[in-house]
Amino acid sequence: IEQLYWVDRLYVASFLPIPPLAIAMCLYGWHHDRDATRVMVLAWSLPVLMAGLRIFHAFNVIGYSSLVEHSVVFAMSSEALLSSLAMALRVRHILVERDLARAEEGAARRLAEIDPLTGLHNRRALLSNAIQMAPGEPLRLLLVDIDFFKSINDTYGHNLGDEVLREVASSLARSLEIRGVCARMGGEEFALLGPAEDLPEDLALEVLAETRSLALPEGIRITVSIGQADGLVECEADWRDLYRRADTALYDAKHSGRNCHIVAPGGVDYGFGKVVALA
């Protein structure tokens, strides 16, 4: 019997490191600035306290009482209730983090698709819009390039050149309203894209006239050259072909005296042929 007594004492003593270890873990967890962690700490505080009471009772430090007798029930009940609350808070925290990550991802994607100088879409965004814009319907692409833009930078400086780019961008965006997408392709080149049936046939002529009438700093007057192409865009290869034809038409416009509009052959035939609009 005496041997059993000491075996029992050793068994109880093996639990002695648990309370201080649990207390240390609770203190560490409490300092984490999260509600779920703190509730979980509270959830395990009572079981740790009840375990301490039973250890003290086993060593005859405290007497027997109903609290000692029902300590396991008290401890497990409180732990189950508070652990459920902690898990609910953790799930809520995960959902908030997910929503925040999605919002940040969306903001980063928008930043990656926006030209920082003009606020227009960039080349990457234009490709995405082209493929998704109107499946099965012809699109119309106008490439707009400011004539002699380098001389503006050389004469007035890049700050004023940037202001000219912003004014042209605003003018082009107004000309489209909600009928299509306006993008800056890089440098002084812009693009207007939309379903062919939604963009008026004389849109390029309107852009030419509007650009010539822009009131720019230092009394600067500018003109643009425009290359236009129509065609179906259902994949990236279709987009490359449409862009190539519009770019070729823009090149022809530049070598036809500038300040004009040329429609590329091929694609959907609207009977434009070659249109030149001089100042």
# chains A, B, ... in the order shown; residues from 1 in each chain; ligands from 1

call {"tool": "select_by_dssp", "arguments": {"residues": "segment 53-273 of chain A", "states": "alpha helix (DSSP H)", "output": "ChimeraX atom specification"}}
result
/A:53-58,66-69,71-112,123-133,149-156,158-176,203-212,236-254

call {"tool": "closest_residue", "arguments": {"among": "A:Val61, A:Gly194, A:Val7, A:Ser78", "to": "Val39 of chain A", "atoms": "only C-alpha atoms"}}
result
A:Ser78

call {"tool": "closest_residue", "arguments": {"among": "A:Ser71, A:Thr223, A:Ser170, A:Ser175", "to": "Leu117 of chain A", "atoms": "only C-alpha atoms"}}
result
A:Ser170

call {"tool": "closest_residue", "arguments": {"among": "A:Ala80, A:Leu192, A:Val224, A:Val168", "to": "His121 of chain A", "atoms": "only C-alpha atoms"}}
result
A:Leu192

call {"tool": "select_by_dssp", "arguments": {"residues": "segment 65-200 of chain A", "states": "strand (DSSP E)", "output": "ChimeraX atom specification"}}
result
/A:138-146,181-186,189-195

call {"tool": "closest_residue", "arguments": {"among": "A:Val72, A:Val164, A:Met87, A:Ala183", "to": "Leu141 of chain A", "atoms": "only C-alpha atoms"}}
result
A:Ala183

call {"tool": "residues_around", "arguments": {"residues": "Ala196 of chain A", "least_positions_apart": "2", "cutoff": "6 Å", "atoms": "only C-alpha atoms", "output": "number ranges by chain"}}
result
A: 138-140, 198-199
